[in-house]
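Taking it in order: structure first as structure tokens, then the write-up.
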Amino acid sequence: MPRPLLSTAFPESTAIDLAVYDPDRSLLDIWYTGGERYSYFEVPPEIYEQLCAAASAGDFVNRAIKPCFRFVIDKRRRRFRPGD
């Protein structure tokens with residue numbers, strides 16, 4: 001039986017709106033305040049827990065998630081950027 005998805009909103013963050021973690025797939029989806037959604041793969045549950053407990057979610061993502069885990073950007077939600 002699949003485990004439920006874990007979801008955390010970050011109302012105080014200027015960088016992140018929402019994080020949703022799928023423990024069965026070790027998949028972490030992060031919605032940034034600009035509207036983009038990134039999916040990070042093979043993220044262990046303790047990383048999600050540390051993100052939820054971090055004093056600054058944006059700093060934690062930049063330090064412990066972005067440089068460490070493979071990711072894709074949801075193309076449907078990607079905003080226009082110069083050069084795209």
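Ligands are numbered from 1 in the order shown, residues from 1 within each chain, and chains are lettered A, B, ... in the order they appear in the structure tokens.
Of the residues in chain A, those that DSSP places in alpha helix (DSSP H) on the basis of the backbone are Pro45, Glu46, Ile47, Tyr48, Glu49, Gln50, Leu51, Cys52, Ala53, Ala57, Gly58, Asp59 and Phe60 of chain A.
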Run DSSP on the backbone and grab whatever in chain A lands in strand (DSSP E or B); send it over as a PyMOL selection string. chain A and resi 6-9+16-22+27-32+37-40+71-73
Neighbouring residues of Val61 of chain A were defined as those with any atom within 12 Å, considering only C-alpha atoms; residues of the same chain fewer than 6 positions away were excluded. Please report them as a VMD selection string. chain A and resid 13 15 to 16 19 28 to 32 38 40 43 47 to 48 50 to 55 67 to 69
Please indicate the distance in Å from atom CA of Gly58 of chain A to atom CA of Pro11 of chain A, rounded to one decimal place. 12.0 Å
